[in-house]
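Engineer: My structure is in entry20.pdb, and what it holds is PDB, C-alpha atoms, pLDDT in the B column:
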```pdb
ATOM      1  CA  MET N   6      80.122  66.314  91.056  1.00 54.00           C
ATOM      2  CA  LYS N   7      81.483  67.205  87.631  1.00 57.00           C
ATOM      3  CA  LEU N   8      79.614  64.240  86.085  1.00 54.00           C
ATOM      4  CA  ARG N   9      76.361  65.286  87.716  1.00 55.00           C
ATOM      5  CA  PHE N  10      76.376  68.676  86.013  1.00 59.00           C
ATOM      6  CA  ALA N  11      78.064  67.792  82.729  1.00 65.00           C
ATOM      7  CA  GLN N  12      76.470  64.474  81.742  1.00 76.00           C
ATOM      8  CA  GLN N  13      72.735  64.616  80.986  1.00 82.00           C
ATOM      9  CA  GLY N  14      72.593  60.805  80.913  1.00 84.00           C
ATOM     10  CA  PHE N  15      74.048  60.581  84.408  1.00 84.00           C
ATOM     11  CA  ARG N  16      71.514  63.072  85.769  1.00 85.00           C
ATOM     12  CA  TYR N  17      68.630  61.261  84.090  1.00 87.00           C
ATOM     13  CA  THR N  18      69.749  57.837  85.344  1.00 87.00           C
ATOM     14  CA  THR N  19      70.186  59.169  88.886  1.00 86.00           C
ATOM     15  CA  MET N  20      66.688  60.636  88.851  1.00 88.00           C
ATOM     16  CA  LEU N  21      65.241  57.382  87.422  1.00 89.00           C
ATOM     17  CA  ARG N  22      66.821  55.349  90.222  1.00 88.00           C
ATOM     18  CA  LYS N  23      65.540  57.766  92.885  1.00 89.00           C
ATOM     19  CA  ALA N  24      62.033  57.604  91.416  1.00 87.00           C
ATOM     20  CA  GLN N  25      62.131  53.807  91.394  1.00 87.00           C
ATOM     21  CA  THR N  26      63.227  53.615  95.053  1.00 88.00           C
ATOM     22  CA  HIS N  27      60.244  55.684  96.232  1.00 87.00           C
ATOM     23  CA  PRO N  28      57.136  53.771  95.087  1.00 84.00           C
ATOM     24  CA  ARG N  29      54.698  55.912  97.135  1.00 86.00           C
ATOM     25  CA  GLY N  30      54.351  59.208  98.896  1.00 88.00           C
ATOM     26  CA  LEU N  31      55.350  62.770  98.265  1.00 92.00           C
ATOM     27  CA  LEU N  32      58.893  61.916  97.171  1.00 91.00           C
ATOM     28  CA  HIS N  33      57.457  59.530  94.564  1.00 88.00           C
ATOM     29  CA  TYR N  34      55.570  62.365  92.874  1.00 92.00           C
ATOM     30  CA  TRP N  35      58.475  64.791  93.238  1.00 93.00           C
ATOM     31  CA  TYR N  36      60.968  62.450  91.514  1.00 91.00           C
ATOM     32  CA  ARG N  37      58.460  61.440  88.826  1.00 90.00           C
ATOM     33  CA  TRP N  38      57.838  65.121  88.051  1.00 93.00           C
ATOM     34  CA  ARG N  39      61.595  65.801  87.879  1.00 92.00           C
ATOM     35  CA  LEU N  40      62.052  62.726  85.664  1.00 90.00           C
ATOM     36  CA  LEU N  41      59.348  63.952  83.280  1.00 92.00           C
ATOM     37  CA  ASN N  42      61.006  67.368  83.022  1.00 92.00           C
ATOM     38  CA  LEU N  43      64.423  65.806  82.385  1.00 90.00           C
ATOM     39  CA  SER N  44      62.863  63.565  79.745  1.00 90.00           C
ATOM     40  CA  LYS N  45      61.491  66.589  77.902  1.00 91.00           C
ATOM     41  CA  LYS N  46      64.834  68.377  78.135  1.00 90.00           C
ATOM     42  CA  THR N  47      67.112  65.486  77.115  1.00 88.00           C
ATOM     43  CA  GLY N  48      64.947  63.240  74.922  1.00 89.00           C
ATOM     44  CA  PHE N  49      65.632  60.189  77.098  1.00 92.00           C
ATOM     45  CA  GLN N  50      62.577  58.003  77.660  1.00 92.00           C
ATOM     46  CA  ILE N  51      63.390  55.058  79.871  1.00 92.00           C
ATOM     47  CA  GLY N  52      60.231  53.390  81.093  1.00 88.00           C
ATOM     48  CA  TYR N  53      59.656  53.759  84.806  1.00 83.00           C
ATOM     49  CA  GLY N  54      59.510  49.991  85.337  1.00 88.00           C
ATOM     50  CA  ALA N  55      62.650  49.125  83.346  1.00 91.00           C
ATOM     51  CA  ASN N  56      65.164  46.947  85.178  1.00 92.00           C
ATOM     52  CA  VAL N  57      68.478  48.761  84.629  1.00 91.00           C
ATOM     53  CA  GLY N  58      71.768  47.426  86.019  1.00 88.00           C
ATOM     54  CA  LEU N  59      74.656  49.496  87.328  1.00 87.00           C
ATOM     55  CA  GLY N  60      76.843  51.508  84.998  1.00 86.00           C
ATOM     56  CA  LEU N  61      74.259  52.604  82.413  1.00 89.00           C
ATOM     57  CA  PHE N  62      75.984  55.148  80.169  1.00 88.00           C
ATOM     58  CA  ILE N  63      74.124  57.503  77.843  1.00 89.00           C
ATOM     59  CA  GLY N  64      76.891  59.565  76.316  1.00 79.00           C
ATOM     60  CA  HIS N  65      75.060  62.160  74.245  1.00 80.00           C
ATOM     61  CA  ARG N  66      71.790  64.007  74.146  1.00 79.00           C
ATOM     62  CA  GLY N  67      69.226  62.660  71.749  1.00 84.00           C
ATOM     63  CA  THR N  68      66.257  60.407  71.730  1.00 90.00           C
ATOM     64  CA  VAL N  69      66.831  57.156  73.622  1.00 94.00           C
ATOM     65  CA  ILE N  70      63.729  55.020  74.136  1.00 95.00           C
ATOM     66  CA  VAL N  71      63.695  51.988  76.452  1.00 96.00           C
ATOM     67  CA  ASN N  72      60.486  50.056  77.081  1.00 95.00           C
ATOM     68  CA  GLY N  73      59.373  50.006  80.718  1.00 92.00           C
ATOM     69  CA  LYS N  74      59.494  46.209  80.835  1.00 95.00           C
ATOM     70  CA  ALA N  75      62.964  45.794  79.314  1.00 96.00           C
ATOM     71  CA  THR N  76      65.942  44.480  81.287  1.00 95.00           C
ATOM     72  CA  LEU N  77      69.417  45.960  80.860  1.00 94.00           C
ATOM     73  CA  GLY N  78      72.433  44.379  82.529  1.00 91.00           C
ATOM     74  CA  SER N  79      75.428  46.169  83.983  1.00 90.00           C
ATOM     75  CA  ASN N  80      77.629  48.528  81.974  1.00 91.00           C
ATOM     76  CA  VAL N  81      75.229  49.032  79.050  1.00 93.00           C
ATOM     77  CA  ASN N  82      76.079  51.983  76.768  1.00 94.00           C
ATOM     78  CA  LEU N  83      73.329  53.605  74.685  1.00 94.00           C
ATOM     79  CA  SER N  84      73.880  56.063  71.837  1.00 94.00           C
ATOM     80  CA  PRO N  85      71.417  58.634  70.442  1.00 94.00           C
ATOM     81  CA  GLY N  86      68.476  57.285  68.477  1.00 94.00           C
ATOM     82  CA  VAL N  87      68.427  53.863  70.161  1.00 96.00           C
ATOM     83  CA  VAL N  88      65.076  52.126  70.530  1.00 97.00           C
ATOM     84  CA  ILE N  89      64.693  49.109  72.814  1.00 97.00           C
ATOM     85  CA  GLY N  90      61.057  48.193  72.358  1.00 95.00           C
ATOM     86  CA  GLN N  91      58.479  45.487  72.326  1.00 94.00           C
ATOM     87  CA  GLU N  92      57.041  43.331  69.619  1.00 92.00           C
ATOM     88  CA  ASN N  93      53.260  43.075  69.910  1.00 91.00           C
ATOM     89  CA  ARG N  94      52.542  39.812  68.132  1.00 91.00           C
ATOM     90  CA  GLY N  95      54.109  36.646  66.861  1.00 88.00           C
ATOM     91  CA  ARG N  96      56.541  34.261  68.475  1.00 92.00           C
ATOM     92  CA  ARG N  97      58.792  37.070  69.729  1.00 92.00           C
ATOM     93  CA  LYS N  98      56.000  38.967  71.465  1.00 94.00           C
ATOM     94  CA  GLY N  99      57.545  40.830  74.407  1.00 95.00           C
ATOM     95  CA  VAL N 100      60.579  42.959  75.292  1.00 96.00           C
ATOM     96  CA  PRO N 101      64.368  42.448  75.078  1.00 97.00           C
ATOM     97  CA  THR N 102      66.863  41.509  77.765  1.00 96.00           C
ATOM     98  CA  LEU N 103      70.380  42.906  77.337  1.00 96.00           C
ATOM     99  CA  GLY N 104      73.360  41.367  79.135  1.00 92.00           C
ATOM    100  CA  ASN N 105      76.424  42.932  80.722  1.00 92.00           C
ATOM    101  CA  ARG N 106      78.856  45.099  78.714  1.00 93.00           C
ATOM    102  CA  VAL N 107      76.584  45.800  75.741  1.00 95.00           C
ATOM    103  CA  TRP N 108      77.316  48.785  73.496  1.00 96.00           C
ATOM    104  CA  VAL N 109      74.439  49.918  71.272  1.00 96.00           C
ATOM    105  CA  GLY N 110      75.276  52.271  68.379  1.00 95.00           C
ATOM    106  CA  SER N 111      73.274  55.215  67.093  1.00 95.00           C
ATOM    107  CA  ASN N 112      69.836  54.510  65.626  1.00 95.00           C
ATOM    108  CA  ALA N 113      69.972  50.796  66.434  1.00 96.00           C
ATOM    109  CA  VAL N 114      66.620  49.109  67.046  1.00 97.00           C
ATOM    110  CA  ILE N 115      66.255  46.095  69.353  1.00 97.00           C
ATOM    111  CA  VAL N 116      62.762  44.592  69.574  1.00 96.00           C
ATOM    112  CA  GLY N 117      60.964  41.468  70.701  1.00 95.00           C
ATOM    113  CA  ASN N 118      61.314  38.879  73.434  1.00 96.00           C
ATOM    114  CA  ILE N 119      64.987  38.309  72.684  1.00 96.00           C
ATOM    115  CA  HIS N 120      68.187  37.965  74.686  1.00 96.00           C
ATOM    116  CA  ILE N 121      71.352  39.878  73.909  1.00 96.00           C
ATOM    117  CA  GLY N 122      74.331  38.154  75.536  1.00 93.00           C
ATOM    118  CA  ASN N 123      77.312  39.591  77.397  1.00 92.00           C
ATOM    119  CA  ASP N 124      80.095  41.537  75.658  1.00 93.00           C
ATOM    120  CA  VAL N 125      78.019  42.392  72.569  1.00 95.00           C
ATOM    121  CA  LEU N 126      78.510  45.362  70.243  1.00 96.00           C
ATOM    122  CA  ILE N 127      75.468  46.353  68.201  1.00 97.00           C
ATOM    123  CA  ALA N 128      76.589  48.548  65.318  1.00 96.00           C
ATOM    124  CA  PRO N 129      74.821  51.773  64.357  1.00 96.00           C
ATOM    125  CA  ASN N 130      71.611  51.355  62.319  1.00 96.00           C
ATOM    126  CA  ALA N 131      71.312  47.626  63.093  1.00 97.00           C
ATOM    127  CA  TYR N 132      67.850  46.084  63.431  1.00 96.00           C
ATOM    128  CA  VAL N 133      67.965  43.195  65.910  1.00 96.00           C
ATOM    129  CA  ASN N 134      64.979  40.909  66.484  1.00 95.00           C
ATOM    130  CA  PHE N 135      66.725  37.630  67.326  1.00 95.00           C
ATOM    131  CA  ASP N 136      68.880  36.239  70.141  1.00 95.00           C
ATOM    132  CA  VAL N 137      72.539  37.290  70.010  1.00 95.00           C
ATOM    133  CA  PRO N 138      75.202  35.058  71.614  1.00 95.00           C
ATOM    134  CA  ASP N 139      77.919  36.306  73.959  1.00 93.00           C
ATOM    135  CA  HIS N 140      81.056  37.910  72.479  1.00 94.00           C
ATOM    136  CA  SER N 141      79.495  39.085  69.227  1.00 95.00           C
ATOM    137  CA  ILE N 142      79.226  42.057  66.913  1.00 96.00           C
ATOM    138  CA  VAL N 143      75.875  42.662  65.204  1.00 97.00           C
ATOM    139  CA  VAL N 144      75.884  44.661  61.961  1.00 96.00           C
ATOM    140  CA  GLY N 145      73.402  45.605  59.268  1.00 92.00           C
ATOM    141  CA  ASN N 146      69.748  45.503  58.427  1.00 91.00           C
ATOM    142  CA  PRO N 147      68.893  42.657  58.252  1.00 89.00           C
ATOM    143  CA  ALA N 148      71.388  42.041  61.027  1.00 90.00           C
ATOM    144  CA  ARG N 149      74.117  39.450  60.925  1.00 94.00           C
ATOM    145  CA  VAL N 150      76.274  38.242  63.793  1.00 95.00           C
ATOM    146  CA  ILE N 151      80.074  38.134  63.803  1.00 93.00           C
ATOM    147  CA  HIS N 152      81.808  36.329  66.673  1.00 93.00           C
ATOM    148  CA  ARG N 153      84.566  38.390  68.301  1.00 92.00           C
ATOM    149  CA  ASP N 154      86.191  37.919  71.710  1.00 90.00           C
ATOM    150  CA  ASP N 155      86.284  41.185  73.680  1.00 89.00           C
ATOM    151  CA  ALA N 156      83.816  42.752  71.241  1.00 87.00           C
ATOM    152  CA  THR N 157      83.210  45.811  73.418  1.00 87.00           C
ATOM    153  CA  ASP N 158      86.818  46.364  74.510  1.00 86.00           C
ATOM    154  CA  GLY N 159      87.449  50.111  74.206  1.00 84.00           C
ATOM    155  CA  TYR N 160      83.767  50.892  73.528  1.00 84.00           C
ATOM    156  CA  CYS N 161      82.006  50.535  76.878  1.00 80.00           C
ATOM    157  CA  HIS N 162      82.378  53.474  79.257  1.00 76.00           C
ATOM    158  CA  ASN N 163      81.553  53.748  82.935  1.00 69.00           C
ATOM    159  CA  LEU N 164      82.655  50.175  83.620  1.00 71.00           C
ATOM    160  CA  GLY N 165      82.096  48.975  87.143  1.00 69.00           C
ATOM    161  CA  ASP N 166      81.881  45.718  88.984  1.00 68.00           C
ATOM    162  CA  GLU N 167      78.806  43.797  87.908  1.00 62.00           C
ATOM    163  CA  LEU N 168      76.518  42.755  90.723  1.00 64.00           C
ATOM    164  CA  ILE N 169      74.694  40.284  88.505  1.00 69.00           C
ATOM    165  CA  PRO N 170      77.066  37.629  87.136  1.00 68.00           C
ATOM    166  CA  ASP N 171      77.493  37.129  83.387  1.00 75.00           C
ATOM    167  CA  ASP N 172      75.952  33.640  83.686  1.00 74.00           C
ATOM    168  CA  HIS N 173      72.583  35.247  84.427  1.00 74.00           C
ATOM    169  CA  TYR N 174      72.502  36.881  80.963  1.00 77.00           C
ATOM    170  CA  ALA N 175      74.599  34.376  78.994  1.00 77.00           C
ATOM    171  CA  VAL N 176      73.369  33.456  75.512  1.00 78.00           C
ATOM    172  CA  HIS N 177      75.295  30.682  73.836  1.00 72.00           C
ATOM    173  CA  SER N 178      75.590  30.304  70.080  1.00 66.00           C
ATOM    174  CA  MET N 179      73.482  27.592  68.538  1.00 56.00           C
ATOM    175  CA  GLN N 180      75.358  24.708  66.987  1.00 49.00           C
ATOM    176  CA  LYS N 181      74.007  22.482  64.242  1.00 43.00           C
ATOM    177  CA  GLY N 182      71.558  20.022  65.685  1.00 41.00           C
ATOM    178  CA  ASP N 183      70.608  22.255  68.674  1.00 41.00           C
ATOM    179  CA  GLU N 184      66.925  23.065  68.843  1.00 37.00           C
TER     180      GLU N 184
END
```
What would you get if you wrote out this structure as structure tokens?
Structural biologist:
Amino acid sequence: MKLRFAQQGFRYTTMLRKAQTHPRGLLHYWYRWRLLNLSKKTGFQIGYGANVGLGLFIGHRGTVIVNGKATLGSNVNLSPGVVIGQENRGRRKGVPTLGNRVWVGSNAVIVGNIHIGNDVLIAPNAYVNFDVPDHSIVVGNPARVIHRDDATDGYCHNLGDELIPDDHYAVHSMQKGDE
């Protein structure tokens, strides 16, 4: 109960899940209206159709924008100023897919039809528009990838058992000669 009243991110996520489970009827409109009001109050804008796994953690108030077609795995942590959006043209046209145990720092931007692997830390102010392999840290603009086992150890909050296995989101690093 303490989380429900203290954490704005928890309240928003709970309302989003309730709205998504009622696709029609009076409860549908009630939860959508409540979600809109919470969005105005908190600055969180997670698209109604977004596929969000268990354990989403939004730790602080501030603008967090997630495209309605994006996919987020289990135990994803989002910081203020994060944008997970679409690219409208080119070879990466589409929206991102984030794996399990992904921590996204403040003001990071993730765009395009890309895959972020499991156990990935995206540093604050990073601009990511390419696939990121599992067990990595992404820093900078333009971003560069640093391999690190247990990259999110100590960063991810609200950890729970993943219902979707890591293999579903796995992104392996490309070796020379791989195309």
Engineer: List, as a list in words, every residue that the PyMOL selection byres ((chain N and resi 76) around 9) selects in the file provided.
Structural biologist: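 With the shown file as input, the PyMOL selection byres ((chain N and resi 76) around 9) matches Ala55, Asn56, Val57, Gly58, Asn72, Gly73, Lys74, Ala75, Leu77, Gly78, Val100, Pro101, Thr102, Leu103 and Gly104 of chain N.
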Engineer: I need every residue sitting at most 12 Å from the point (64.2, 64.3, 82.6) (coordinates as in the file, only C-alpha atoms considered), written as JSON, numbers by chain.
Structural biologist: {"N": [13, 14, 15, 16, 17, 18, 19, 20, 21, 24, 36, 37, 38, 39, 40, 41, 42, 43, 44, 45, 46, 47, 48, 49, 50, 51, 52, 53, 66, 68, 69]}
Engineer: Find the spatial neighbours of N:Arg153, counting only C-alpha atoms, within a cut-off of 8 Å - ignore same-chain residues fewer than 6 positions away - and output them as a PyMOL selection string.
Structural biologist: chain N and resi 140-142
Engineer: Taking all atoms listed in the file into account, which of N:Gly110, N:Gly145, N:Pro85, N:Pro129 comes nearest N:Ile70?
Structural biologist: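 Residue with the minimum atom-to-atom distance to N:Ile70: N:Pro85.
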Engineer: Report as a ChimeraX atom specification the residues that result from applying the PyMOL selection byres ((chain N and resi 130) around 10) to the structure here.
Structural biologist: /N:86-87,109-114,127-129,131-133,144-148
Engineer: By how many Å are atom CA of N:Ile151 and atom CA of N:Leu126 apart?
Structural biologist: 9.8 Å
Engineer: Have a look at atom CA of N:Ser79 and atom CA of N:Gly60 and let me know their distance in Å, one decimal.
Structural biologist: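 Computing the Euclidean distance for atom CA of N:Ser79 and atom CA of N:Gly60 yields 5.6 Å.
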Engineer: Output, as AutoDock Vina command-line options, the centre and edge lengths in Å (one decimal) of the axis-aligned box that contains all listed atoms of stretch 75-78 of chain N with 5 Å of margin on each side.
Structural biologist:
```
--center_x 67.7 --center_y 45.2 --center_z 80.9 --size_x 19.5 --size_y 11.6 --size_z 13.2
```
Engineer: With all atoms listed in the file as the counted atoms, please give the residues lying no more than 8 Å from N:Trp108, apart from itself and same-chain residues fewer than 3 positions off, as a PDB file with C-alpha atoms, in the frame of the given file.
Structural biologist:
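Result went into result.pdb, see below:
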```pdb
ATOM      1  CA  VAL N  81      75.229  49.032  79.050  1.00 93.00           C
ATOM      2  CA  ASN N  82      76.079  51.983  76.768  1.00 94.00           C
ATOM      3  CA  LEU N  83      73.329  53.605  74.685  1.00 94.00           C
ATOM      4  CA  VAL N 125      78.019  42.392  72.569  1.00 95.00           C
ATOM      5  CA  LEU N 126      78.510  45.362  70.243  1.00 96.00           C
ATOM      6  CA  ILE N 127      75.468  46.353  68.201  1.00 97.00           C
ATOM      7  CA  THR N 157      83.210  45.811  73.418  1.00 87.00           C
ATOM      8  CA  TYR N 160      83.767  50.892  73.528  1.00 84.00           C
ATOM      9  CA  CYS N 161      82.006  50.535  76.878  1.00 80.00           C
TER      10      CYS N 161
END
```
Engineer: Work out how far atom CA of N:Leu164 is from atom CA of N:Ile121, in Å to one decimal.
Structural biologist: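 Computed distance, atom CA of N:Ile121 to atom CA of N:Leu164, equals 18.1 Å.
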Engineer: For a quick check of understanding, using only C-alpha atoms, which of N:Val150, N:Leu32, N:Leu61, N:Val88 has the smallest distance to N:Val107?
Structural biologist: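 Closest candidate: N:Leu61.
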Engineer: Name the residues that the PyMOL selection byres ((chain N and resi 174) around 10) picks from the file above, as a PyMOL selection string, using the file's chain letters and numbers.
Structural biologist: chain N and resi 77-78+102-105+120-123+138-139+169-173+175-177
Engineer: Take the residues from that selection and write them out as a short mmCIF file (atom, residue, chain, number, x, y, z; two decimals), in the coordinates of the input, keeping C-alpha atoms.
Structural biologist:
```cif
data_model
loop_
_atom_site.label_atom_id
_atom_site.label_comp_id
_atom_site.auth_asym_id
_atom_site.auth_seq_id
_atom_site.Cartn_x
_atom_site.Cartn_y
_atom_site.Cartn_z
CA LEU N 77 69.42 45.96 80.86
CA GLY N 78 72.43 44.38 82.53
CA THR N 102 66.86 41.51 77.76
CA LEU N 103 70.38 42.91 77.34
CA GLY N 104 73.36 41.37 79.14
CA ASN N 105 76.42 42.93 80.72
CA HIS N 120 68.19 37.97 74.69
CA ILE N 121 71.35 39.88 73.91
CA GLY N 122 74.33 38.15 75.54
CA ASN N 123 77.31 39.59 77.40
CA PRO N 138 75.20 35.06 71.61
CA ASP N 139 77.92 36.31 73.96
CA ILE N 169 74.69 40.28 88.50
CA PRO N 170 77.07 37.63 87.14
CA ASP N 171 77.49 37.13 83.39
CA ASP N 172 75.95 33.64 83.69
CA HIS N 173 72.58 35.25 84.43
CA ALA N 175 74.60 34.38 78.99
CA VAL N 176 73.37 33.46 75.51
CA HIS N 177 75.30 30.68 73.84
#
```
Engineer: Given only C-alpha atoms as the basis, pick out the residue of N:Phe135, N:Tyr34, N:Gly67, N:His27 nearest to N:Arg97.
Structural biologist: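 Using only C-alpha atoms, N:Arg97 sits closest to N:Phe135.
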